[in-house]
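Text of the file data-v6.csv, holding CSV, C-alpha atoms and all ligand atoms:
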```
chain,number,residue,atom,x,y,z
A,262,MET,CA,20.5,-115.1,-39.0
A,263,SER,CA,20.0,-117.8,-36.4
A,264,GLY,CA,21.6,-118.0,-33.0
A,265,HIS,CA,24.2,-120.5,-31.9
A,266,ARG,CA,23.4,-123.4,-29.6
A,267,ILE,CA,25.7,-123.5,-26.5
A,268,GLU,CA,26.5,-126.8,-24.9
A,269,ALA,CA,28.7,-126.8,-21.8
A,270,ALA,CA,29.5,-129.9,-19.8
A,271,GLY,CA,31.5,-130.0,-16.5
A,272,LEU,CA,33.1,-126.6,-17.0
A,273,GLY,CA,35.5,-126.0,-14.1
A,274,LYS,CA,37.9,-123.2,-13.3
A,275,SER,CA,40.0,-122.6,-10.2
A,276,TYR,CA,42.2,-119.7,-9.1
A,277,GLY,CA,44.4,-121.2,-6.5
A,278,SER,CA,42.1,-122.6,-3.8
A,279,VAL,CA,39.1,-120.7,-5.2
A,280,ARG,CA,36.7,-122.7,-7.4
A,281,ALA,CA,35.3,-120.0,-9.6
A,282,LEU,CA,33.4,-122.6,-11.7
A,283,ALA,CA,32.6,-125.9,-10.0
A,284,GLY,CA,31.4,-128.1,-12.9
A,285,ILE,CA,28.9,-126.2,-15.0
A,286,ASP,CA,26.5,-128.1,-17.2
A,287,LEU,CA,24.5,-125.8,-19.4
A,288,GLU,CA,22.6,-125.9,-22.7
A,289,VAL,CA,21.3,-122.7,-24.3
A,290,GLU,CA,18.9,-122.9,-27.3
A,291,PRO,CA,19.6,-121.0,-30.5
A,292,GLY,CA,18.1,-117.5,-30.1
A,293,GLU,CA,17.4,-117.9,-26.4
A,294,PHE,CA,18.1,-115.0,-24.0
A,295,LEU,CA,19.8,-116.5,-21.0
A,296,VAL,CA,20.6,-114.4,-17.9
A,297,LEU,CA,23.2,-115.6,-15.4
A,298,LEU,CA,22.3,-114.2,-12.0
A,299,GLY,CA,24.3,-114.3,-8.8
A,300,PRO,CA,26.0,-112.2,-6.2
A,301,SER,CA,29.5,-110.8,-6.6
A,302,GLY,CA,32.0,-113.7,-6.6
A,303,SER,CA,29.5,-116.4,-7.7
A,304,GLY,CA,31.4,-117.0,-11.0
A,305,LYS,CA,29.3,-115.1,-13.5
A,306,SER,CA,32.3,-113.3,-15.1
A,307,THR,CA,34.4,-116.4,-15.2
A,308,LEU,CA,31.6,-118.3,-17.0
A,309,LEU,CA,31.1,-115.4,-19.5
A,310,ARG,CA,34.8,-115.1,-20.1
A,311,THR,CA,35.0,-118.8,-20.7
A,312,LEU,CA,32.2,-118.6,-23.3
A,313,ALA,CA,34.0,-115.7,-24.9
A,314,GLY,CA,37.3,-117.6,-25.0
A,315,VAL,CA,39.3,-115.1,-23.0
A,316,GLU,CA,39.5,-117.5,-20.1
A,317,ARG,CA,40.5,-121.2,-20.4
A,318,PRO,CA,38.6,-123.6,-18.2
A,319,ASP,CA,40.7,-126.3,-16.5
A,320,ALA,CA,38.0,-128.9,-16.9
A,321,GLY,CA,35.0,-129.7,-19.1
A,322,THR,CA,34.0,-129.1,-22.7
A,323,LEU,CA,32.2,-126.3,-24.5
A,324,LYS,CA,30.5,-126.4,-27.9
A,325,ILE,CA,29.2,-123.4,-29.7
A,326,ALA,CA,27.0,-124.0,-32.8
A,327,GLY,CA,28.0,-127.7,-32.6
A,328,ARG,CA,31.7,-127.0,-32.8
A,329,THR,CA,34.0,-127.9,-29.9
A,330,VAL,CA,35.7,-124.6,-28.9
A,331,GLU,CA,37.0,-125.9,-25.6
A,332,ASP,CA,38.2,-129.2,-24.3
A,333,ALA,CA,41.4,-130.7,-22.9
A,334,GLY,CA,43.2,-130.3,-26.3
A,335,THR,CA,41.2,-127.5,-27.9
A,336,HIS,CA,41.0,-123.8,-27.3
A,337,LEU,CA,39.4,-121.5,-30.0
A,338,PRO,CA,40.3,-117.9,-29.5
A,339,PRO,CA,37.5,-115.3,-29.2
A,340,GLU,CA,37.7,-114.0,-32.8
A,341,ARG,CA,37.0,-117.5,-34.1
A,342,ARG,CA,33.8,-118.0,-32.0
A,343,ASP,CA,31.5,-115.7,-34.0
A,344,LEU,CA,30.4,-113.7,-31.0
A,345,GLY,CA,29.9,-110.0,-30.1
A,346,MET,CA,30.4,-108.7,-26.6
A,347,VAL,CA,29.1,-105.7,-24.7
A,348,PHE,CA,31.0,-104.6,-21.6
A,349,GLN,CA,30.1,-102.7,-18.4
A,350,ASP,CA,32.5,-99.8,-19.3
A,351,TYR,CA,31.6,-99.6,-23.0
A,352,ALA,CA,35.2,-100.2,-24.1
A,353,LEU,CA,35.1,-97.7,-27.1
A,354,TRP,CA,38.1,-96.3,-28.8
A,355,PRO,CA,38.2,-92.6,-27.8
A,356,HIS,CA,40.2,-91.6,-30.9
A,357,LEU,CA,37.7,-93.2,-33.3
A,358,THR,CA,34.3,-91.8,-34.4
A,359,VAL,CA,31.1,-93.6,-33.6
A,360,ALA,CA,31.0,-95.1,-37.1
A,361,GLN,CA,34.7,-96.1,-37.0
A,362,ASN,CA,34.2,-97.8,-33.6
A,363,VAL,CA,31.3,-99.8,-35.0
A,364,GLY,CA,33.0,-100.5,-38.3
A,365,PHE,CA,36.2,-101.6,-36.5
A,366,ALA,CA,34.4,-104.9,-35.7
A,367,LEU,CA,34.1,-105.6,-39.4
A,368,ARG,CA,37.9,-105.4,-40.1
A,369,ARG,CA,38.3,-109.1,-40.3
A,370,SER,CA,35.3,-109.7,-42.5
A,371,ARG,CA,36.9,-108.6,-45.8
A,372,LEU,CA,33.6,-107.0,-46.8
A,373,PRO,CA,33.8,-104.5,-49.7
A,374,ARG,CA,34.0,-100.9,-48.3
A,375,THR,CA,30.5,-100.0,-49.4
A,376,GLU,CA,29.0,-103.1,-47.8
A,377,ALA,CA,30.9,-102.5,-44.6
A,378,ALA,CA,29.7,-98.8,-44.5
A,379,ALA,CA,26.1,-99.9,-45.2
A,380,ARG,CA,26.2,-102.5,-42.4
A,381,THR,CA,27.7,-99.9,-40.0
A,382,ALA,CA,24.9,-97.5,-40.9
A,383,GLU,CA,22.3,-100.2,-40.4
A,384,ALA,CA,23.7,-101.2,-37.0
A,385,LEU,CA,23.8,-97.6,-35.9
A,386,GLY,CA,20.3,-97.1,-37.2
A,387,SER,CA,19.0,-100.1,-35.3
A,388,VAL,CA,20.1,-98.5,-32.0
A,389,GLY,CA,18.9,-95.0,-33.0
A,390,LEU,CA,22.3,-93.4,-33.5
A,391,ALA,CA,22.4,-92.9,-37.2
A,392,GLU,CA,22.9,-89.1,-37.0
A,393,HIS,CA,25.7,-89.5,-34.4
A,394,ALA,CA,28.0,-91.5,-36.8
A,395,GLY,CA,30.6,-88.7,-37.1
A,396,ARG,CA,30.8,-87.9,-33.4
A,397,TYR,CA,33.4,-89.1,-30.9
A,398,PRO,CA,32.5,-91.2,-27.8
A,399,SER,CA,33.4,-88.3,-25.5
A,400,ASP,CA,30.6,-86.3,-27.1
A,401,LEU,CA,28.0,-88.9,-26.1
A,402,SER,CA,26.2,-89.7,-22.9
A,403,GLY,CA,26.8,-93.0,-21.1
A,404,GLY,CA,23.6,-94.5,-22.5
A,405,GLN,CA,24.5,-93.4,-26.0
A,406,GLN,CA,28.0,-94.9,-25.6
A,407,GLN,CA,26.6,-98.2,-24.6
A,408,ARG,CA,24.3,-98.1,-27.6
A,409,VAL,CA,27.4,-97.7,-29.8
A,410,ALA,CA,28.9,-100.7,-28.0
A,411,LEU,CA,25.7,-102.6,-28.8
A,412,ALA,CA,25.8,-101.6,-32.5
A,413,ARG,CA,29.5,-102.7,-32.5
A,414,ALA,CA,28.5,-106.1,-31.0
A,415,ILE,CA,25.8,-106.8,-33.6
A,416,VAL,CA,27.4,-105.3,-36.8
A,417,SER,CA,29.1,-108.5,-37.8
A,418,ARG,CA,25.9,-110.4,-37.3
A,419,PRO,CA,27.3,-112.9,-34.8
A,420,GLY,CA,25.3,-115.9,-33.6
A,421,LEU,CA,26.1,-115.2,-30.0
A,422,LEU,CA,26.0,-112.0,-28.0
A,423,LEU,CA,27.6,-111.8,-24.5
A,424,PHE,CA,26.7,-109.0,-22.1
A,425,ASP,CA,28.8,-108.2,-19.1
A,426,GLU,CA,26.6,-106.2,-16.7
A,427,PRO,CA,26.1,-103.6,-19.4
A,428,LEU,CA,23.7,-101.4,-17.4
A,429,SER,CA,25.5,-101.1,-14.1
A,430,ASN,CA,27.3,-97.8,-14.9
A,431,LEU,CA,24.0,-96.1,-15.9
A,432,ASP,CA,21.4,-94.1,-13.9
A,433,ALA,CA,18.2,-95.8,-13.1
A,434,ASP,CA,16.0,-94.2,-15.8
A,435,LEU,CA,18.6,-94.8,-18.5
A,436,ARG,CA,19.1,-98.3,-17.3
A,437,GLU,CA,15.4,-99.1,-17.9
A,438,ARG,CA,15.4,-97.6,-21.4
A,439,LEU,CA,18.6,-99.3,-22.4
A,440,ARG,CA,17.4,-102.6,-21.0
A,441,LEU,CA,14.4,-102.4,-23.4
A,442,GLU,CA,16.8,-101.5,-26.3
A,443,ILE,CA,19.0,-104.5,-25.6
A,444,SER,CA,16.0,-106.8,-25.4
A,445,ARG,CA,14.6,-105.5,-28.7
A,446,VAL,CA,17.8,-105.4,-30.7
A,447,THR,CA,19.0,-108.8,-29.5
A,448,ARG,CA,15.7,-110.5,-30.3
A,449,LEU,CA,15.5,-108.7,-33.6
A,450,CYS,CA,18.9,-110.0,-34.7
A,451,GLY,CA,18.1,-113.6,-33.6
A,452,ALA,CA,21.4,-114.1,-31.8
A,453,THR,CA,21.6,-116.3,-28.7
A,454,ALA,CA,22.3,-114.0,-25.8
A,455,VAL,CA,24.1,-114.7,-22.5
A,456,TYR,CA,23.8,-111.8,-20.1
A,457,ILE,CA,25.3,-111.5,-16.6
A,458,THR,CA,24.0,-109.4,-13.7
A,459,HIS,CA,23.7,-109.4,-10.0
A,460,ASP,CA,20.3,-107.5,-10.3
A,461,GLN,CA,17.4,-109.8,-10.0
A,462,SER,CA,14.8,-107.3,-11.4
A,463,GLU,CA,17.0,-106.9,-14.5
A,464,ALA,CA,17.3,-110.7,-14.8
A,465,PHE,CA,13.5,-111.2,-14.5
A,466,ALA,CA,12.8,-108.5,-17.0
A,467,LEU,CA,15.2,-109.7,-19.7
A,468,ALA,CA,15.5,-113.5,-19.5
A,469,ASP,CA,13.8,-116.3,-21.4
A,470,ARG,CA,15.6,-118.4,-18.8
A,471,ILE,CA,17.6,-117.5,-15.7
A,472,GLY,CA,20.6,-119.5,-14.5
A,473,VAL,CA,21.3,-118.8,-10.8
A,474,LEU,CA,25.0,-119.1,-9.7
A,475,ASP,CA,26.1,-119.8,-6.2
A,476,HIS,CA,29.8,-120.3,-5.4
A,477,GLY,CA,30.6,-121.5,-9.0
A,478,ARG,CA,27.6,-123.8,-9.2
A,479,LEU,CA,24.5,-123.5,-11.4
A,480,VAL,CA,21.9,-124.1,-8.7
A,481,GLN,CA,18.8,-123.4,-10.9
A,482,LEU,CA,18.2,-123.0,-14.6
A,483,ASP,CA,14.5,-122.1,-15.3
A,484,ARG,CA,12.1,-119.6,-16.7
A,485,PRO,CA,11.8,-116.5,-14.5
A,486,GLU,CA,8.3,-117.4,-13.4
A,487,GLU,CA,9.5,-120.8,-12.3
A,488,VAL,CA,12.6,-119.4,-10.5
A,489,TYR,CA,10.2,-117.1,-8.6
A,490,ARG,CA,7.5,-119.5,-7.8
A,491,ASN,CA,9.6,-122.6,-7.2
A,492,PRO,CA,13.1,-121.5,-6.1
A,493,ALA,CA,15.4,-124.6,-6.0
A,494,THR,CA,17.2,-123.6,-2.8
A,495,ALA,CA,17.0,-121.2,0.1
A,496,PHE,CA,19.8,-119.2,-1.5
A,497,VAL,CA,17.8,-118.8,-4.8
A,498,ALA,CA,14.7,-117.8,-2.8
A,499,ARG,CA,16.7,-115.2,-0.8
A,500,PHE,CA,18.4,-113.8,-3.8
A,501,THR,CA,15.3,-113.4,-6.0
A,502,GLY,CA,13.0,-111.4,-3.8
A,503,CYS,CA,12.7,-111.9,0.0
A,504,ALA,CA,10.8,-109.8,2.5
A,505,GLY,CA,12.5,-111.7,5.4
A,506,GLU,CA,12.7,-115.0,7.2
A,507,LEU,CA,10.7,-116.0,10.2
A,508,PRO,CA,11.2,-119.0,12.5
A,509,VAL,CA,8.4,-121.6,12.4
A,510,GLN,CA,7.5,-125.0,14.0
A,511,VAL,CA,7.2,-128.0,11.6
A,512,ALA,CA,3.8,-129.6,12.3
A,513,GLY,CA,4.0,-132.2,9.5
A,514,THR,CA,5.7,-133.0,6.2
A,515,ASP,CA,4.4,-134.6,3.0
A,516,GLY,CA,7.0,-135.0,0.3
A,517,GLN,CA,8.1,-131.5,-0.9
A,518,ARG,CA,5.5,-129.8,1.3
A,519,ALA,CA,5.4,-129.1,5.0
A,520,THR,CA,2.7,-127.8,7.4
A,521,VAL,CA,4.4,-125.1,9.5
A,522,ARG,CA,3.1,-123.1,12.4
A,523,ILE,CA,3.8,-119.5,13.2
A,524,GLY,CA,2.1,-118.8,16.5
A,525,SER,CA,-1.4,-120.2,16.1
A,526,ILE,CA,-1.4,-119.9,12.3
A,527,ALA,CA,-0.8,-123.0,10.2
A,528,LEU,CA,0.4,-122.9,6.6
A,529,SER,CA,1.0,-125.6,4.1
A,530,ILE,CA,4.1,-124.5,2.1
A,531,ARG,CA,6.9,-125.8,0.0
A,532,ALA,CA,9.9,-127.4,1.8
A,533,LEU,CA,13.4,-126.6,0.5
A,534,GLY,CA,15.3,-129.5,2.0
A,535,THR,CA,14.4,-132.1,4.6
A,536,LEU,CA,12.3,-130.9,7.5
A,537,HIS,CA,11.4,-132.9,10.6
A,538,PRO,CA,7.9,-132.9,12.2
A,539,GLY,CA,8.2,-131.4,15.7
A,540,GLY,CA,11.4,-129.5,14.8
A,541,THR,CA,11.9,-125.9,13.8
A,542,ALA,CA,12.6,-124.4,10.4
A,543,SER,CA,12.9,-121.0,8.8
A,544,MET,CA,10.2,-119.6,6.4
A,545,ILE,CA,11.4,-117.3,3.6
A,546,ILE,CA,8.6,-114.9,2.6
A,547,ARG,CA,8.3,-113.3,-0.8
A,548,PRO,CA,7.3,-109.6,-0.5
A,549,ASP,CA,4.1,-110.2,-2.5
A,550,ALA,CA,3.1,-113.1,-0.1
A,551,ALA,CA,2.6,-110.7,2.8
A,552,ALA,CA,-0.6,-108.6,2.5
A,553,PHE,CA,-1.8,-106.0,5.0
A,554,THR,CA,-5.0,-106.8,6.8
A,555,SER,CA,-6.7,-105.8,10.0
A,556,PRO,CA,-4.8,-106.7,13.2
A,557,THR,CA,-8.0,-108.2,14.6
A,558,GLU,CA,-8.4,-110.7,11.8
A,559,ALA,CA,-7.9,-114.4,12.6
A,560,ASP,CA,-4.9,-116.0,10.9
A,561,ALA,CA,-3.1,-112.6,10.7
A,562,VAL,CA,0.5,-112.2,12.0
A,563,GLN,CA,0.5,-109.2,14.4
A,564,ALA,CA,3.0,-106.5,13.4
A,565,VAL,CA,3.9,-102.9,13.9
A,566,VAL,CA,5.0,-100.6,11.0
A,567,THR,CA,8.5,-99.5,11.4
A,568,ASP,CA,9.1,-97.7,8.1
A,569,VAL,CA,7.2,-96.5,5.1
A,570,ALA,CA,8.6,-95.3,1.7
A,571,TYR,CA,6.6,-93.8,-1.1
A,572,ARG,CA,7.3,-95.7,-4.4
A,573,GLY,CA,5.1,-93.9,-6.9
A,574,ARG,CA,2.8,-96.9,-7.6
A,575,GLY,CA,2.2,-97.3,-3.9
A,576,TYR,CA,4.1,-97.6,-0.6
A,577,GLU,CA,6.7,-100.0,0.6
A,578,HIS,CA,6.6,-100.8,4.3
A,579,ALA,CA,8.9,-102.5,6.8
A,580,VAL,CA,7.2,-104.1,9.8
A,581,ARG,CA,8.3,-105.8,13.0
A,582,THR,CA,6.5,-109.0,13.9
A,583,GLU,CA,7.0,-110.9,17.1
A,584,ALA,CA,9.2,-113.3,15.2
A,585,GLY,CA,11.2,-110.9,13.1
A,586,LEU,CA,11.4,-108.1,10.6
A,587,LEU,CA,9.8,-108.0,7.2
A,588,THR,CA,10.7,-105.4,4.5
A,589,GLY,CA,9.5,-104.4,1.1
A,590,LEU,CA,5.8,-105.0,1.8
A,591,HIS,CA,3.6,-103.2,-0.7
A,592,GLY,CA,0.4,-101.3,0.1
A,593,PRO,CA,-1.7,-98.9,-1.9
A,594,THR,CA,-2.0,-96.5,1.1
A,595,ARG,CA,0.5,-95.1,3.5
A,596,LEU,CA,0.6,-96.9,6.8
A,597,GLU,CA,2.2,-94.7,9.4
A,598,ARG,CA,5.2,-95.8,11.5
A,599,GLY,CA,3.9,-97.3,14.8
A,600,ALA,CA,0.6,-98.4,13.3
A,601,ARG,CA,-0.5,-101.9,14.4
A,602,VAL,CA,-1.4,-104.1,11.4
A,603,GLY,CA,-2.1,-107.7,10.6
A,604,ILE,CA,-0.1,-109.6,8.0
A,605,ARG,CA,-1.8,-112.3,6.0
A,606,LEU,CA,0.6,-114.7,4.5
A,607,SER,CA,0.0,-116.4,1.2
A,608,PRO,CA,1.4,-120.0,1.2
A,609,GLN,CA,2.4,-119.9,-2.5
A,610,GLY,CA,5.0,-117.3,-1.7
A,611,CYS,CA,6.4,-118.9,1.4
A,612,HIS,CA,9.2,-121.5,1.5
A,613,ALA,CA,10.5,-123.4,4.5
A,614,HIS,CA,14.0,-124.6,4.9
A,615,PRO,CA,15.9,-126.4,7.7
A,616,GLY,CA,18.7,-123.7,8.1
A,617,ALA,CA,18.7,-120.8,10.4
A,618,CYS,CA,16.9,-117.5,9.5
A,619,ASN,CA,19.2,-115.3,7.5
A,620,ASN,CA,18.1,-111.7,7.6
A,621,GLY,CA,20.9,-109.8,6.1
A,622,GLU,CA,24.1,-111.8,6.1
A,623,GLU,CA,23.7,-113.0,2.5
A,624,PRO,CA,23.0,-110.6,-0.3
A,625,LYS,CA,19.3,-110.0,-0.5
A,626,ALA,CA,17.7,-108.8,-3.7
A,627,THR,CA,15.5,-105.7,-4.1
A,628,THR,CA,11.8,-106.0,-4.3
A,629,VAL,CA,10.1,-107.5,-7.4
A,630,ARG,CA,7.2,-105.4,-8.7
A,631,PHE,CA,3.9,-107.1,-9.3
A,632,GLU,CA,0.8,-106.3,-11.2
A,633,PRO,CA,-1.6,-104.1,-9.3
A,634,GLU,CA,-4.5,-106.6,-9.5
A,635,GLN,CA,-2.4,-109.1,-7.5
A,636,ARG,CA,-2.5,-106.8,-4.6
A,637,VAL,CA,-5.1,-106.7,-1.9
A,638,PRO,CA,-6.1,-103.3,-0.7
A,639,PHE,CA,-5.7,-102.7,3.0
A,640,PRO,CA,-7.6,-103.8,5.0
A,641,GLY,CA,-9.2,-106.3,2.5
A,642,ARG,CA,-8.9,-110.0,2.7
A,643,GLN,CA,-6.9,-112.3,0.5
A,644,PRO,CA,-8.6,-115.4,-0.8
A,645,ALA,CA,-8.9,-118.1,1.8
A,646,LEU,CA,-5.7,-120.0,2.4
A,701,LIG,P1,31.3,-112.7,-10.4
A,701,LIG,O1,31.4,-112.3,-11.8
A,701,LIG,O2,30.0,-113.5,-10.1
A,701,LIG,O3,31.5,-111.6,-9.4
A,701,LIG,P2,33.9,-114.0,-10.8
A,701,LIG,O4,33.7,-115.0,-11.9
A,701,LIG,O5,34.5,-112.7,-11.1
A,701,LIG,O6,32.5,-113.7,-10.0
A,701,LIG,O7,34.7,-114.6,-9.6
A,701,LIG,C1,34.5,-115.9,-9.1
A,701,LIG,C2,35.5,-116.2,-8.0
A,701,LIG,O8,36.8,-116.3,-8.6
A,701,LIG,C3,35.7,-115.1,-7.0
A,701,LIG,O9,36.0,-115.7,-5.8
A,701,LIG,C4,36.9,-114.3,-7.5
A,701,LIG,O10,37.6,-113.6,-6.5
A,701,LIG,C5,37.7,-115.4,-8.2
A,701,LIG,N1,38.5,-114.9,-9.3
A,701,LIG,C6,38.0,-114.4,-10.5
A,701,LIG,N2,39.0,-114.0,-11.3
A,701,LIG,C7,40.2,-114.2,-10.7
A,701,LIG,C8,41.5,-114.1,-11.0
A,701,LIG,N3,41.9,-113.6,-12.2
A,701,LIG,N4,42.5,-114.4,-10.0
A,701,LIG,C9,42.1,-114.9,-8.9
A,701,LIG,N5,40.8,-115.1,-8.5
A,701,LIG,C10,39.9,-114.8,-9.4
```
Show this structure as structure tokens.
Amino acid sequence: MSGHRIEAAGLGKSYGSVRALAGIDLEVEPGEFLVLLGPSGSGKSTLLRTLAGVERPDAGTLKIAGRTVEDAGTHLPPERRDLGMVFQDYALWPHLTVAQNVGFALRRSRLPRTEAAARTAEALGSVGLAEHAGRYPSDLSGGQQQRVALARAIVSRPGLLLFDEPLSNLDADLRERLRLEISRVTRLCGATAVYITHDQSEAFALADRIGVLDHGRLVQLDRPEEVYRNPATAFVARFTGCAGELPVQVAGTDGQRATVRIGSIALSIRALGTLHPGGTASMIIRPDAAAFTSPTEADAVQAVVTDVAYRGRGYEHAVRTEAGLLTGLHGPTRLERGARVGIRLSPQGCHAHPGACNNGEEPKATTVRFEPEQRVPFPGRQPAL
């Protein structure tokens, strides 16, 4: 089975004075796994519900598999869009068995009974629940119930799968396992997937491409690596992994780069927006762009450790510099509270923007994990800037 191509142009939706979707242009390739990432209220659900056909946009067009499903004079209902959906709260029928819940999705297909039963068994097998077919949802754990919902979404072999924050009701360890399951099963069946979440680590782990939504606008649509390395706006940078923001002086600009100074240290970094030499700017720092080093080292920002948390694979620290607070800094050893340290900044992970430093008012994402070899053991040196 091949996945559907999605083509959206100028999709808009307002609720009174709130523009939930402010003109969305989006193309998703057949078989692609797209994650829509954004904070609460950014328009993710409205966009997903528009793709599903349960919400009517008030502007724009939408094609699924080359067929217009939405424009000024067209609205195809969900059951005619060849899609499956997985919800946050599983949405299973409590009075139906697991097999009946999954088979229910085939009721419109007019398949012979034996074929429908075989497909139901196959779908349950693919999520590892074959032996639970006769049970009721209340007998199952949350993770198992969500796997039933996944089986129900794929049983009719749709060309499009829509996921509405499917992991948010699960505990952390289950979330990780089910994320892998969703990724495996979706890619196995070849369907195009659109998945919404406000959790950037989930988005980075699952996506072929990530679409970042900010106040109803799609502000970046790129591979996860690209979103992380080259965030399009300060909002994207903040929302996809940020240790903090520090004020800097702009020493010079050159196209999309700027030389900025923090104390006596100069860094050549990406500029998000127009910066003016001689003026001030804010520098957004990725957690992996700040490495611990000796406080006596030249080019190190002076800091004091204010907090340390053990994270299994290492320690996460918060530090106070003269210019502001940085959090989520990884180190292989425990640095005690009150210790004086140096922070060496890697320019690849720093982005300057003309706005004010924003440390906490906007939603900030949790730390992104990195490969151990990318880390520099304290008090080692990073490669020269
Ligand atoms: P998200 O899924 O990213 O949290 P939503 O798409 O649910 O965002 O909401 C986008 C904006 O539209 C929000 O400001 C929200 O309050 C508003 N909104 C969504 N649905 C409705 C509705 N049915 N009635 C009024 N406002 C709505």
Listing only residues of chain A within 8 Å of ligand LIG 701 (chain A), what is the closest atom pair and its distance in Å (to one decimal) for each, using all atoms listed in the file, sorted by chain and residue number ascending, as JSON lines?
```
{"residue": "A:Ser275", "atom": "CA", "partner": "A:LIG701", "partner_atom": "O8", "distance": 7.2}
{"residue": "A:Tyr276", "atom": "CA", "partner": "A:LIG701", "partner_atom": "C9", "distance": 4.8}
{"residue": "A:Gly277", "atom": "CA", "partner": "A:LIG701", "partner_atom": "C9", "distance": 7.1}
{"residue": "A:Val279", "atom": "CA", "partner": "A:LIG701", "partner_atom": "O9", "distance": 5.9}
{"residue": "A:Arg280", "atom": "CA", "partner": "A:LIG701", "partner_atom": "O8", "distance": 6.5}
{"residue": "A:Ala281", "atom": "CA", "partner": "A:LIG701", "partner_atom": "O8", "distance": 4.1}
{"residue": "A:Leu282", "atom": "CA", "partner": "A:LIG701", "partner_atom": "C1", "distance": 7.3}
{"residue": "A:Leu298", "atom": "CA", "partner": "A:LIG701", "partner_atom": "O2", "distance": 8.0}
{"residue": "A:Gly299", "atom": "CA", "partner": "A:LIG701", "partner_atom": "O2", "distance": 5.9}
{"residue": "A:Pro300", "atom": "CA", "partner": "A:LIG701", "partner_atom": "O2", "distance": 5.7}
{"residue": "A:Ser301", "atom": "CA", "partner": "A:LIG701", "partner_atom": "O3", "distance": 3.5}
{"residue": "A:Gly302", "atom": "CA", "partner": "A:LIG701", "partner_atom": "O6", "distance": 3.4}
{"residue": "A:Ser303", "atom": "CA", "partner": "A:LIG701", "partner_atom": "O2", "distance": 3.8}
{"residue": "A:Gly304", "atom": "CA", "partner": "A:LIG701", "partner_atom": "O4", "distance": 3.2}
{"residue": "A:Lys305", "atom": "CA", "partner": "A:LIG701", "partner_atom": "O2", "distance": 3.8}
{"residue": "A:Ser306", "atom": "CA", "partner": "A:LIG701", "partner_atom": "O1", "distance": 3.6}
{"residue": "A:Thr307", "atom": "CA", "partner": "A:LIG701", "partner_atom": "O4", "distance": 3.7}
{"residue": "A:Leu308", "atom": "CA", "partner": "A:LIG701", "partner_atom": "O4", "distance": 6.4}
{"residue": "A:Ile457", "atom": "CA", "partner": "A:LIG701", "partner_atom": "O1", "distance": 7.8}
{"residue": "A:His459", "atom": "CA", "partner": "A:LIG701", "partner_atom": "O2", "distance": 7.5}
{"residue": "A:Leu474", "atom": "CA", "partner": "A:LIG701", "partner_atom": "O2", "distance": 7.5}
{"residue": "A:His476", "atom": "CA", "partner": "A:LIG701", "partner_atom": "C1", "distance": 7.4}
{"residue": "A:Gly477", "atom": "CA", "partner": "A:LIG701", "partner_atom": "C1", "distance": 6.8}
```
Write the residues of the selection above to a file with C-alpha atoms, as a PDB file, keeping the file's coordinate frame.
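Ended up saving to out18.pdb:
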```
ATOM      1  CA  SER A 275      40.000-122.600 -10.200  1.00  0.00           C
ATOM      2  CA  TYR A 276      42.200-119.700  -9.100  1.00  0.00           C
ATOM      3  CA  GLY A 277      44.400-121.200  -6.500  1.00  0.00           C
ATOM      4  CA  VAL A 279      39.100-120.700  -5.200  1.00  0.00           C
ATOM      5  CA  ARG A 280      36.700-122.700  -7.400  1.00  0.00           C
ATOM      6  CA  ALA A 281      35.300-120.000  -9.600  1.00  0.00           C
ATOM      7  CA  LEU A 282      33.400-122.600 -11.700  1.00  0.00           C
ATOM      8  CA  LEU A 298      22.300-114.200 -12.000  1.00  0.00           C
ATOM      9  CA  GLY A 299      24.300-114.300  -8.800  1.00  0.00           C
ATOM     10  CA  PRO A 300      26.000-112.200  -6.200  1.00  0.00           C
ATOM     11  CA  SER A 301      29.500-110.800  -6.600  1.00  0.00           C
ATOM     12  CA  GLY A 302      32.000-113.700  -6.600  1.00  0.00           C
ATOM     13  CA  SER A 303      29.500-116.400  -7.700  1.00  0.00           C
ATOM     14  CA  GLY A 304      31.400-117.000 -11.000  1.00  0.00           C
ATOM     15  CA  LYS A 305      29.300-115.100 -13.500  1.00  0.00           C
ATOM     16  CA  SER A 306      32.300-113.300 -15.100  1.00  0.00           C
ATOM     17  CA  THR A 307      34.400-116.400 -15.200  1.00  0.00           C
ATOM     18  CA  LEU A 308      31.600-118.300 -17.000  1.00  0.00           C
ATOM     19  CA  ILE A 457      25.300-111.500 -16.600  1.00  0.00           C
ATOM     20  CA  HIS A 459      23.700-109.400 -10.000  1.00  0.00           C
ATOM     21  CA  LEU A 474      25.000-119.100  -9.700  1.00  0.00           C
ATOM     22  CA  HIS A 476      29.800-120.300  -5.400  1.00  0.00           C
ATOM     23  CA  GLY A 477      30.600-121.500  -9.000  1.00  0.00           C
TER      24      GLY A 477
END
```
Margin query: If we count only C-alpha atoms and set the cut-off at 10 Å, which residues sit around range 478-482 of chain A, ignoring sequence neighbours fewer than 6 positions away in its own chain? Please answer as JSON, numbers by chain.
Written below: {"A": [272, 273, 280, 281, 282, 283, 284, 285, 286, 287, 288, 295, 296, 297, 298, 299, 303, 304, 305, 470, 471, 472, 488, 491, 492, 493, 494, 496, 497]}
Margin query: Need the shell around Ala452 in chain A: protein/DNA/RNA residues with any atom at most 6 Å away, counting only C-alpha atoms. Skip same-chain ones fewer than 5 positions apart. Format as a ChimeraX atom specification?
Written below: /A:264,292,420-421
Notebook entry, point to check: Quick one: residues within 7 Å of Leu439 in chain A, all atoms listed in the file counted, chain neighbours fewer than 4 positions away excluded, as a list in words?
Noted result: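 Everything that qualifies: Gly404, Leu435 and Ile443 of chain A.
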Could those residues be written to a file, using C-alpha atoms, as a short mmCIF file (atom, residue, chain, number, x, y, z; two decimals), in the coordinates of the input?
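Resulting contents of out27.cif:
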```
data_model
loop_
_atom_site.label_atom_id
_atom_site.label_comp_id
_atom_site.auth_asym_id
_atom_site.auth_seq_id
_atom_site.Cartn_x
_atom_site.Cartn_y
_atom_site.Cartn_z
CA GLY A 404 23.60 -94.50 -22.50
CA LEU A 435 18.60 -94.80 -18.50
CA ILE A 443 19.00 -104.50 -25.60
#
```
